[in-house]
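Enquirer: File follows, model_21.pdb with PDB, C-alpha atoms, pLDDT in the B column:
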```pdb
ATOM      1  CA  MET A   1      -5.697 -10.106  15.464  1.00 90.00           C
ATOM      2  CA  VAL A   2      -6.556  -8.210  12.295  1.00 96.00           C
ATOM      3  CA  LYS A   3      -6.499 -10.220   9.058  1.00 97.00           C
ATOM      4  CA  ILE A   4      -5.034  -8.256   6.167  1.00 98.00           C
ATOM      5  CA  ALA A   5      -4.302  -8.748   2.478  1.00 98.00           C
ATOM      6  CA  VAL A   6      -1.393  -6.851   0.964  1.00 98.00           C
ATOM      7  CA  PHE A   7      -1.667  -5.698  -2.665  1.00 98.00           C
ATOM      8  CA  ALA A   8       1.637  -5.183  -4.491  1.00 98.00           C
ATOM      9  CA  SER A   9       2.952  -5.085  -8.061  1.00 97.00           C
ATOM     10  CA  GLY A  10       6.735  -4.825  -7.702  1.00 96.00           C
ATOM     11  CA  SER A  11       9.701  -5.779  -5.543  1.00 96.00           C
ATOM     12  CA  GLY A  12       7.682  -5.737  -2.334  1.00 97.00           C
ATOM     13  CA  SER A  13       9.943  -3.895   0.099  1.00 96.00           C
ATOM     14  CA  ASN A  14       6.908  -2.461   1.927  1.00 97.00           C
ATOM     15  CA  PHE A  15       5.304  -5.905   1.895  1.00 98.00           C
ATOM     16  CA  GLN A  16       8.465  -7.230   3.565  1.00 98.00           C
ATOM     17  CA  SER A  17       8.506  -4.487   6.198  1.00 97.00           C
ATOM     18  CA  ILE A  18       4.877  -5.285   7.087  1.00 98.00           C
ATOM     19  CA  VAL A  19       5.640  -9.021   7.340  1.00 98.00           C
ATOM     20  CA  ASP A  20       8.729  -8.315   9.466  1.00 98.00           C
ATOM     21  CA  SER A  21       6.705  -6.031  11.756  1.00 98.00           C
ATOM     22  CA  VAL A  22       4.144  -8.795  12.252  1.00 97.00           C
ATOM     23  CA  LYS A  23       6.914 -11.292  13.068  1.00 97.00           C
ATOM     24  CA  SER A  24       8.538  -8.925  15.560  1.00 97.00           C
ATOM     25  CA  GLY A  25       5.224  -8.247  17.287  1.00 96.00           C
ATOM     26  CA  GLN A  26       5.246  -4.550  16.383  1.00 96.00           C
ATOM     27  CA  LEU A  27       2.155  -5.035  14.196  1.00 97.00           C
ATOM     28  CA  ASP A  28      -0.679  -7.086  15.665  1.00 96.00           C
ATOM     29  CA  ALA A  29      -2.000  -8.477  12.407  1.00 97.00           C
ATOM     30  CA  SER A  30      -1.876 -11.536  10.211  1.00 97.00           C
ATOM     31  CA  VAL A  31      -0.909 -11.219   6.546  1.00 98.00           C
ATOM     32  CA  GLU A  32      -3.284 -13.779   5.059  1.00 98.00           C
ATOM     33  CA  LEU A  33      -2.786 -13.077   1.368  1.00 98.00           C
ATOM     34  CA  LEU A  34      -0.676 -11.266  -1.212  1.00 98.00           C
ATOM     35  CA  VAL A  35      -2.643  -9.977  -4.205  1.00 98.00           C
ATOM     36  CA  CYS A  36      -0.415  -9.289  -7.211  1.00 98.00           C
ATOM     37  CA  ASP A  37      -1.162  -8.327 -10.817  1.00 97.00           C
ATOM     38  CA  LYS A  38       2.271  -9.178 -12.249  1.00 97.00           C
ATOM     39  CA  SER A  39       3.416 -12.798 -12.480  1.00 96.00           C
ATOM     40  CA  ASN A  40       7.123 -11.842 -12.546  1.00 97.00           C
ATOM     41  CA  ALA A  41       7.051  -9.480  -9.538  1.00 98.00           C
ATOM     42  CA  TYR A  42       9.690 -10.195  -6.887  1.00 98.00           C
ATOM     43  CA  VAL A  43       7.091  -9.703  -4.144  1.00 98.00           C
ATOM     44  CA  ILE A  44       5.686 -13.157  -5.040  1.00 98.00           C
ATOM     45  CA  GLU A  45       9.020 -14.711  -4.080  1.00 98.00           C
ATOM     46  CA  ARG A  46       8.963 -12.771  -0.802  1.00 98.00           C
ATOM     47  CA  ALA A  47       5.498 -14.168  -0.053  1.00 98.00           C
ATOM     48  CA  GLU A  48       6.715 -17.732  -0.744  1.00 98.00           C
ATOM     49  CA  GLN A  49       9.731 -17.259   1.525  1.00 97.00           C
ATOM     50  CA  ASN A  50       7.412 -16.140   4.319  1.00 97.00           C
ATOM     51  CA  GLY A  51       4.813 -18.862   3.828  1.00 98.00           C
ATOM     52  CA  ILE A  52       2.124 -16.433   2.690  1.00 98.00           C
ATOM     53  CA  GLU A  53      -0.367 -17.408   0.019  1.00 98.00           C
ATOM     54  CA  ALA A  54      -0.393 -15.350  -3.167  1.00 98.00           C
ATOM     55  CA  PHE A  55      -3.259 -14.687  -5.533  1.00 98.00           C
ATOM     56  CA  VAL A  56      -1.610 -13.679  -8.806  1.00 98.00           C
ATOM     57  CA  PHE A  57      -3.790 -12.560 -11.696  1.00 97.00           C
ATOM     58  CA  ASN A  58      -3.353 -11.161 -15.181  1.00 96.00           C
ATOM     59  CA  PRO A  59      -5.828  -8.297 -15.744  1.00 96.00           C
ATOM     60  CA  LYS A  60      -5.701  -8.939 -19.520  1.00 95.00           C
ATOM     61  CA  GLU A  61      -7.397 -12.297 -18.968  1.00 96.00           C
ATOM     62  CA  TYR A  62     -10.507 -10.528 -17.663  1.00 96.00           C
ATOM     63  CA  GLN A  63     -13.006  -8.467 -19.640  1.00 95.00           C
ATOM     64  CA  SER A  64     -13.095  -5.688 -17.057  1.00 95.00           C
ATOM     65  CA  LYS A  65     -11.822  -4.408 -13.704  1.00 95.00           C
ATOM     66  CA  THR A  66     -15.172  -5.471 -12.216  1.00 96.00           C
ATOM     67  CA  GLU A  67     -14.538  -9.073 -13.290  1.00 97.00           C
ATOM     68  CA  TYR A  68     -11.104  -9.416 -11.742  1.00 97.00           C
ATOM     69  CA  GLU A  69     -12.098  -7.483  -8.629  1.00 97.00           C
ATOM     70  CA  LYS A  70     -15.030  -9.882  -8.099  1.00 97.00           C
ATOM     71  CA  LYS A  71     -12.530 -12.746  -8.246  1.00 97.00           C
ATOM     72  CA  ILE A  72     -10.229 -10.954  -5.773  1.00 98.00           C
ATOM     73  CA  ALA A  73     -13.218 -10.273  -3.485  1.00 98.00           C
ATOM     74  CA  LEU A  74     -13.998 -14.005  -3.396  1.00 97.00           C
ATOM     75  CA  GLU A  75     -10.424 -14.782  -2.364  1.00 97.00           C
ATOM     76  CA  LEU A  76     -10.627 -12.125   0.367  1.00 98.00           C
ATOM     77  CA  GLN A  77     -13.981 -13.409   1.653  1.00 97.00           C
ATOM     78  CA  LYS A  78     -12.615 -16.961   1.911  1.00 97.00           C
ATOM     79  CA  ARG A  79     -10.003 -15.680   4.345  1.00 97.00           C
ATOM     80  CA  ASP A  80     -12.197 -13.224   6.301  1.00 97.00           C
ATOM     81  CA  ILE A  81      -9.927 -10.325   5.320  1.00 97.00           C
ATOM     82  CA  GLU A  82     -10.639  -7.152   7.285  1.00 97.00           C
ATOM     83  CA  TYR A  83      -8.290  -4.612   5.662  1.00 98.00           C
ATOM     84  CA  LEU A  84      -6.629  -4.171   2.268  1.00 98.00           C
ATOM     85  CA  VAL A  85      -3.126  -2.729   2.525  1.00 98.00           C
ATOM     86  CA  LEU A  86      -1.718  -1.356  -0.727  1.00 98.00           C
ATOM     87  CA  ALA A  87       2.069  -1.484  -0.975  1.00 97.00           C
ATOM     88  CA  GLY A  88       3.142  -0.479  -4.465  1.00 95.00           C
ATOM     89  CA  TYR A  89       0.006  -1.795  -6.184  1.00 96.00           C
ATOM     90  CA  MET A  90      -0.033  -0.016  -9.532  1.00 93.00           C
ATOM     91  CA  ARG A  91      -3.763  -0.201 -10.290  1.00 94.00           C
ATOM     92  CA  LEU A  92      -6.644   1.985  -9.245  1.00 95.00           C
ATOM     93  CA  ILE A  93      -9.050   0.172  -6.941  1.00 97.00           C
ATOM     94  CA  GLY A  94     -12.500  -0.069  -8.528  1.00 96.00           C
ATOM     95  CA  PRO A  95     -16.055   0.173  -7.174  1.00 96.00           C
ATOM     96  CA  THR A  96     -16.322  -3.564  -6.383  1.00 97.00           C
ATOM     97  CA  LEU A  97     -13.579  -3.536  -3.734  1.00 98.00           C
ATOM     98  CA  LEU A  98     -14.315   0.041  -2.613  1.00 97.00           C
ATOM     99  CA  ARG A  99     -17.882  -0.993  -1.725  1.00 96.00           C
ATOM    100  CA  GLU A 100     -16.812  -4.216  -0.039  1.00 96.00           C
ATOM    101  CA  PHE A 101     -14.048  -2.574   2.028  1.00 97.00           C
ATOM    102  CA  ASP A 102     -15.339   0.941   2.611  1.00 93.00           C
ATOM    103  CA  ASN A 103     -12.866   2.874   4.836  1.00 93.00           C
ATOM    104  CA  ARG A 104     -10.728  -0.266   5.065  1.00 96.00           C
ATOM    105  CA  ILE A 105      -8.356   0.183   2.114  1.00 98.00           C
ATOM    106  CA  ILE A 106      -5.082   1.924   2.931  1.00 98.00           C
ATOM    107  CA  ASN A 107      -2.315   3.077   0.592  1.00 98.00           C
ATOM    108  CA  ILE A 108       1.190   4.478   0.967  1.00 98.00           C
ATOM    109  CA  HIS A 109       2.531   7.051  -1.491  1.00 98.00           C
ATOM    110  CA  PRO A 110       6.060   8.525  -1.849  1.00 97.00           C
ATOM    111  CA  SER A 111       5.162  12.223  -1.770  1.00 98.00           C
ATOM    112  CA  LEU A 112       3.374  14.753   0.412  1.00 98.00           C
ATOM    113  CA  LEU A 113      -0.044  14.468  -1.198  1.00 98.00           C
ATOM    114  CA  PRO A 114      -1.773  16.267  -2.811  1.00 97.00           C
ATOM    115  CA  MET A 115       1.579  17.026  -4.460  1.00 97.00           C
ATOM    116  CA  PHE A 116       2.798  14.519  -7.067  1.00 97.00           C
ATOM    117  CA  PRO A 117       0.028  11.909  -7.199  1.00 96.00           C
ATOM    118  CA  GLY A 118       0.217   8.933  -9.559  1.00 94.00           C
ATOM    119  CA  LYS A 119       3.277   7.213 -10.973  1.00 93.00           C
ATOM    120  CA  ASP A 120       6.903   8.156 -10.330  1.00 94.00           C
ATOM    121  CA  ALA A 121       6.204  10.664  -7.553  1.00 96.00           C
ATOM    122  CA  ILE A 122       9.919  10.701  -6.690  1.00 96.00           C
ATOM    123  CA  GLY A 123      10.891  11.555 -10.270  1.00 94.00           C
ATOM    124  CA  GLN A 124       8.150  14.193 -10.362  1.00 95.00           C
ATOM    125  CA  ALA A 125       9.537  15.829  -7.190  1.00 96.00           C
ATOM    126  CA  ILE A 126      13.101  15.882  -8.551  1.00 94.00           C
ATOM    127  CA  ALA A 127      11.923  17.304 -11.901  1.00 93.00           C
ATOM    128  CA  ALA A 128       9.869  20.013 -10.155  1.00 95.00           C
ATOM    129  CA  GLY A 129      12.914  21.154  -8.163  1.00 94.00           C
ATOM    130  CA  VAL A 130      11.036  21.258  -4.835  1.00 96.00           C
ATOM    131  CA  SER A 131      12.986  21.209  -1.579  1.00 96.00           C
ATOM    132  CA  LEU A 132      10.501  19.133   0.393  1.00 97.00           C
ATOM    133  CA  THR A 133       8.812  15.797  -0.234  1.00 98.00           C
ATOM    134  CA  GLY A 134       7.967  12.825   1.940  1.00 98.00           C
ATOM    135  CA  VAL A 135       5.547   9.982   2.519  1.00 98.00           C
ATOM    136  CA  THR A 136       1.757   9.932   2.785  1.00 98.00           C
ATOM    137  CA  ILE A 137      -0.473   7.165   4.120  1.00 98.00           C
ATOM    138  CA  HIS A 138      -4.108   7.594   3.129  1.00 98.00           C
ATOM    139  CA  TYR A 139      -7.437   5.873   2.746  1.00 97.00           C
ATOM    140  CA  VAL A 140      -8.259   4.845  -0.803  1.00 97.00           C
ATOM    141  CA  ASP A 141     -11.184   6.306  -2.709  1.00 95.00           C
ATOM    142  CA  GLU A 142     -12.082   6.198  -6.412  1.00 93.00           C
ATOM    143  CA  GLY A 143      -9.512   8.869  -7.356  1.00 93.00           C
ATOM    144  CA  MET A 144      -5.781   8.731  -8.021  1.00 94.00           C
ATOM    145  CA  ASP A 145      -4.220   9.183  -4.550  1.00 95.00           C
ATOM    146  CA  THR A 146      -7.088  11.488  -3.493  1.00 95.00           C
ATOM    147  CA  GLY A 147      -8.424   9.714  -0.375  1.00 96.00           C
ATOM    148  CA  PRO A 148      -8.356  11.180   3.157  1.00 97.00           C
ATOM    149  CA  ILE A 149      -4.844  11.507   4.567  1.00 97.00           C
ATOM    150  CA  ILE A 150      -4.027   9.478   7.691  1.00 97.00           C
ATOM    151  CA  ALA A 151      -0.354  10.313   8.257  1.00 98.00           C
ATOM    152  CA  GLN A 152       2.464  12.214   6.564  1.00 98.00           C
ATOM    153  CA  GLU A 153       6.160  12.610   7.198  1.00 98.00           C
ATOM    154  CA  SER A 154       8.302  15.126   5.356  1.00 98.00           C
ATOM    155  CA  LEU A 155      11.820  14.857   3.994  1.00 97.00           C
ATOM    156  CA  THR A 156      14.149  17.589   2.737  1.00 97.00           C
ATOM    157  CA  ILE A 157      15.560  17.097  -0.762  1.00 96.00           C
ATOM    158  CA  THR A 158      19.211  18.069  -0.853  1.00 93.00           C
ATOM    159  CA  GLU A 159      21.128  19.414  -3.856  1.00 91.00           C
ATOM    160  CA  HIS A 160      23.043  16.124  -3.959  1.00 91.00           C
ATOM    161  CA  ASP A 161      19.933  13.932  -4.170  1.00 93.00           C
ATOM    162  CA  THR A 162      19.280  11.855  -7.259  1.00 93.00           C
ATOM    163  CA  ALA A 163      16.081   9.896  -7.878  1.00 93.00           C
ATOM    164  CA  GLU A 164      17.944   6.827  -6.529  1.00 95.00           C
ATOM    165  CA  THR A 165      19.205   8.385  -3.285  1.00 96.00           C
ATOM    166  CA  LEU A 166      15.863  10.062  -2.668  1.00 96.00           C
ATOM    167  CA  ALA A 167      14.023   6.777  -3.230  1.00 96.00           C
ATOM    168  CA  GLU A 168      16.308   5.086  -0.700  1.00 96.00           C
ATOM    169  CA  ARG A 169      15.602   7.739   1.939  1.00 97.00           C
ATOM    170  CA  ILE A 170      11.865   7.659   1.250  1.00 97.00           C
ATOM    171  CA  HIS A 171      11.829   3.866   1.572  1.00 97.00           C
ATOM    172  CA  GLU A 172      13.420   4.168   5.012  1.00 97.00           C
ATOM    173  CA  ILE A 173      10.523   6.373   6.132  1.00 98.00           C
ATOM    174  CA  GLU A 174       7.925   4.129   4.477  1.00 98.00           C
ATOM    175  CA  HIS A 175       9.231   0.958   6.117  1.00 97.00           C
ATOM    176  CA  ARG A 176       9.112   2.587   9.545  1.00 97.00           C
ATOM    177  CA  LEU A 177       5.945   4.679   9.218  1.00 98.00           C
ATOM    178  CA  TYR A 178       3.602   2.187   7.507  1.00 98.00           C
ATOM    179  CA  PRO A 179       3.550  -0.523  10.210  1.00 97.00           C
ATOM    180  CA  ILE A 180       3.200   2.072  13.006  1.00 97.00           C
ATOM    181  CA  THR A 181       0.327   3.815  11.223  1.00 97.00           C
ATOM    182  CA  LEU A 182      -1.409   0.536  10.381  1.00 98.00           C
ATOM    183  CA  GLN A 183      -1.307  -0.470  14.038  1.00 97.00           C
ATOM    184  CA  THR A 184      -2.861   2.874  15.007  1.00 96.00           C
ATOM    185  CA  ILE A 185      -5.663   2.336  12.465  1.00 96.00           C
ATOM    186  CA  PHE A 186      -6.305  -1.222  13.655  1.00 95.00           C
ATOM    187  CA  ASN A 187      -6.351  -0.097  17.288  1.00 93.00           C
ATOM    188  CA  ARG A 188      -9.154   2.364  16.662  1.00 86.00           C
ATOM    189  CA  GLY A 189     -11.087   0.196  14.218  1.00 76.00           C
ATOM    190  CA  GLY A 190     -10.461   2.241  11.115  1.00 51.00           C
ATOM    191  CA  VAL A 191     -12.124   5.516  12.107  1.00 48.00           C
ATOM    192  CA  ARG A 192     -10.923   8.284   9.803  1.00 47.00           C
ATOM    193  CA  HIS A 193      -8.546  10.595  11.572  1.00 44.00           C
ATOM    194  CA  HIS A 194      -5.744  12.866  10.372  1.00 43.00           C
ATOM    195  CA  GLU A 195      -2.352  12.825  12.006  1.00 42.00           C
ATOM    196  CA  LYS A 196       0.587  14.757  10.699  1.00 41.00           C
ATOM    197  CA  SER A 197       4.187  14.414  11.736  1.00 41.00           C
ATOM    198  CA  ALA A 198       7.258  16.114  10.351  1.00 40.00           C
ATOM    199  CA  HIS A 199      10.831  15.124  11.014  1.00 40.00           C
TER     200      HIS A 199
END
```
Is it possible to give me this structure as structure tokens?
Expert:
Amino acid sequence: MVKIAVFASGSGSNFQSIVDSVKSGQLDASVELLVCDKSNAYVIERAEQNGIEAFVFNPKEYQSKTEYEKKIALELQKRDIEYLVLAGYMRLIGPTLLREFDNRIINIHPSLLPMFPGKDAIGQAIAAGVSLTGVTIHYVDEGMDTGPIIAQESLTITEHDTAETLAERIHEIEHRLYPITLQTIFNRGGVRHHEKSAH
């Protein structure tokens, strides 16, 4: 069974879908730790409800990204973590964790990368007036959503969509696609491979 740590900064709906997939047996993994950079994030409550330990830190209490990432790395080593799974973690991963977990850090993003990287990808898509967006799962590198793509699924934006309705539809894809894709990665031991699906 693969030991994973989930990194999240917000409400944690993708965290919950991963935990639920583990419980149902769909995902053969163990969520050993939540790493969170916001003490008031709802995801912390989700972790408590599911009996999962949380490492919560305030980046402002550290002199640099290197300092807090070294502390995170210690927590991960204690638990023999094999993969880092980013689920709405709103910080760029730095060299410390990238070195330690080379090819073993995975992120999910609510657009068809390379379109609309960074924050508020859903708002960016609406503002740009595009007719197609979707979800991307990719390996993490030092850039902003620039790592090798693992899986994508597209979604048509309708004229009736608002940022809220689009977010809801994107979340539905995320919650289904992320656990399936993670299992595929774990099955093959993390070898980089590109799969594309469109529905």
Enquirer: What do you get, as an MDAnalysis selection string, if you spell out every residue that the PyMOL selection byres ((chain A and resi 171-181) around 6) selects here?
Expert: chainID A and resid 14 17:18 168:170 182:184
Enquirer: Using the selection just defined, write its residues with C-alpha atoms as an mmCIF file, in the frame of the given file.
Expert:
```
data_model
loop_
_atom_site.group_PDB
_atom_site.id
_atom_site.type_symbol
_atom_site.label_atom_id
_atom_site.label_comp_id
_atom_site.auth_asym_id
_atom_site.auth_seq_id
_atom_site.Cartn_x
_atom_site.Cartn_y
_atom_site.Cartn_z
ATOM 1 C CA ASN A 14 6.908 -2.461 1.927
ATOM 2 C CA SER A 17 8.506 -4.487 6.198
ATOM 3 C CA ILE A 18 4.877 -5.285 7.087
ATOM 4 C CA GLU A 168 16.308 5.086 -0.700
ATOM 5 C CA ARG A 169 15.602 7.739 1.939
ATOM 6 C CA ILE A 170 11.865 7.659 1.250
ATOM 7 C CA LEU A 182 -1.409 0.536 10.381
ATOM 8 C CA GLN A 183 -1.307 -0.470 14.038
ATOM 9 C CA THR A 184 -2.861 2.874 15.007
#
```
Enquirer: Taking the file above as input, evaluate the PyMOL selection byres ((chain A and resi 131-140) around 8) and report the hits as a PDB file with C-alpha atoms, keeping the file's coordinate frame.
Expert:
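Saved as result29.pdb:
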```
ATOM      1  CA  ILE A  93      -9.050   0.172  -6.941  1.00 97.00           C
ATOM      2  CA  LEU A  98     -14.315   0.041  -2.613  1.00 97.00           C
ATOM      3  CA  ASN A 103     -12.866   2.874   4.836  1.00 93.00           C
ATOM      4  CA  ARG A 104     -10.728  -0.266   5.065  1.00 96.00           C
ATOM      5  CA  ILE A 105      -8.356   0.183   2.114  1.00 98.00           C
ATOM      6  CA  ILE A 106      -5.082   1.924   2.931  1.00 98.00           C
ATOM      7  CA  ASN A 107      -2.315   3.077   0.592  1.00 98.00           C
ATOM      8  CA  ILE A 108       1.190   4.478   0.967  1.00 98.00           C
ATOM      9  CA  HIS A 109       2.531   7.051  -1.491  1.00 98.00           C
ATOM     10  CA  PRO A 110       6.060   8.525  -1.849  1.00 97.00           C
ATOM     11  CA  SER A 111       5.162  12.223  -1.770  1.00 98.00           C
ATOM     12  CA  LEU A 112       3.374  14.753   0.412  1.00 98.00           C
ATOM     13  CA  LEU A 113      -0.044  14.468  -1.198  1.00 98.00           C
ATOM     14  CA  ALA A 125       9.537  15.829  -7.190  1.00 96.00           C
ATOM     15  CA  GLY A 129      12.914  21.154  -8.163  1.00 94.00           C
ATOM     16  CA  VAL A 130      11.036  21.258  -4.835  1.00 96.00           C
ATOM     17  CA  ASP A 141     -11.184   6.306  -2.709  1.00 95.00           C
ATOM     18  CA  GLU A 142     -12.082   6.198  -6.412  1.00 93.00           C
ATOM     19  CA  GLY A 143      -9.512   8.869  -7.356  1.00 93.00           C
ATOM     20  CA  ASP A 145      -4.220   9.183  -4.550  1.00 95.00           C
ATOM     21  CA  THR A 146      -7.088  11.488  -3.493  1.00 95.00           C
ATOM     22  CA  GLY A 147      -8.424   9.714  -0.375  1.00 96.00           C
ATOM     23  CA  PRO A 148      -8.356  11.180   3.157  1.00 97.00           C
ATOM     24  CA  ILE A 149      -4.844  11.507   4.567  1.00 97.00           C
ATOM     25  CA  ILE A 150      -4.027   9.478   7.691  1.00 97.00           C
ATOM     26  CA  ALA A 151      -0.354  10.313   8.257  1.00 98.00           C
ATOM     27  CA  GLN A 152       2.464  12.214   6.564  1.00 98.00           C
ATOM     28  CA  GLU A 153       6.160  12.610   7.198  1.00 98.00           C
ATOM     29  CA  SER A 154       8.302  15.126   5.356  1.00 98.00           C
ATOM     30  CA  LEU A 155      11.820  14.857   3.994  1.00 97.00           C
ATOM     31  CA  THR A 156      14.149  17.589   2.737  1.00 97.00           C
ATOM     32  CA  ILE A 157      15.560  17.097  -0.762  1.00 96.00           C
ATOM     33  CA  THR A 158      19.211  18.069  -0.853  1.00 93.00           C
ATOM     34  CA  ILE A 170      11.865   7.659   1.250  1.00 97.00           C
ATOM     35  CA  ILE A 173      10.523   6.373   6.132  1.00 98.00           C
ATOM     36  CA  GLU A 174       7.925   4.129   4.477  1.00 98.00           C
ATOM     37  CA  TYR A 178       3.602   2.187   7.507  1.00 98.00           C
ATOM     38  CA  THR A 181       0.327   3.815  11.223  1.00 97.00           C
TER      39      THR A 181
END
```
Enquirer: Just want the 12 Å neighbourhood of region 19-25 of chain A, counted on all atoms listed in the file, with same-chain residues fewer than 2 positions away dropped. Output as a VMD selection string.
Expert: chain A and resid 1 to 6 12 to 17 27 to 34 43 46 to 52 85 87 175 to 183
Enquirer: Could you tell me how far CA of Arg188 (chain A) sits from CA of Ala73 (chain A), in Å to one decimal place?
Expert: 24.1 Å
Enquirer: For region 57-59 of chain A, work out the shell of residues within 9 Å, counting only C-alpha atoms and skipping chain neighbours fewer than 3 positions away, then give it as a PyMOL selection string.
Expert: chain A and resi 35-39+62-65+68+72
Enquirer: Find the distance between CA of Ala163 (chain A) and CA of Gly118 (chain A) and write it in Å to one decimal.
Expert: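 Those two atoms sit 16.0 Å apart.
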Enquirer: Can you tell me how far CA of Thr66 (chain A) sits from CA of Leu97 (chain A), in Å to one decimal?
Expert: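 CA of Leu97 (chain A) lies 8.8 Å from CA of Thr66 (chain A).
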Enquirer: Nearest to Asp120 (chain A): which of A:Glu75, A:Glu45, A:Glu61, A:Glu164 is it, counting all atoms listed in the file?
Expert: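 Smallest distance to Asp120 (chain A) is found for A:Glu164.
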Enquirer: Which of these, A:Ala121, A:Gly88, A:Lys70, A:Phe116, has the shortest distance to Glu100 (chain A) once you count only C-alpha atoms?
Expert: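 Counting only C-alpha atoms, the residue closest to Glu100 (chain A) is A:Lys70.
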Enquirer: Ranking A:Leu84, A:Ala128, A:Ile122, A:Arg79 by minimum distance to Thr165 (chain A) and counting all atoms listed in the file, which one comes first?
Expert: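 For Thr165 (chain A), the nearest of the candidates is A:Ile122.
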Enquirer: Choose the residue, out of A:Pro114, A:Tyr89, A:Pro95, A:Glu82, that has the smallest atom-to-atom separation from Phe186 (chain A); count all atoms listed in the file.
Expert: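 Looking only at the distances to Phe186 (chain A), the closest residue turns out to be A:Glu82.
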Enquirer: Go through A:Met144, A:Tyr42, A:Glu67, A:Asn187 and flag the residue nearest Thr96 (chain A), using all atoms listed in the file for the distances.
Expert: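 Between A:Met144, A:Tyr42, A:Glu67, A:Asn187, the residue approaching Thr96 (chain A) most closely is A:Glu67.
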Enquirer: Compile the contact shell of Asn40 (chain A) as number ranges by chain: residues with an atom at most 10 Å away, counting all atoms listed in the file, same-chain residues fewer than 5 positions apart removed.
Expert: A: 9-11, 45, 56
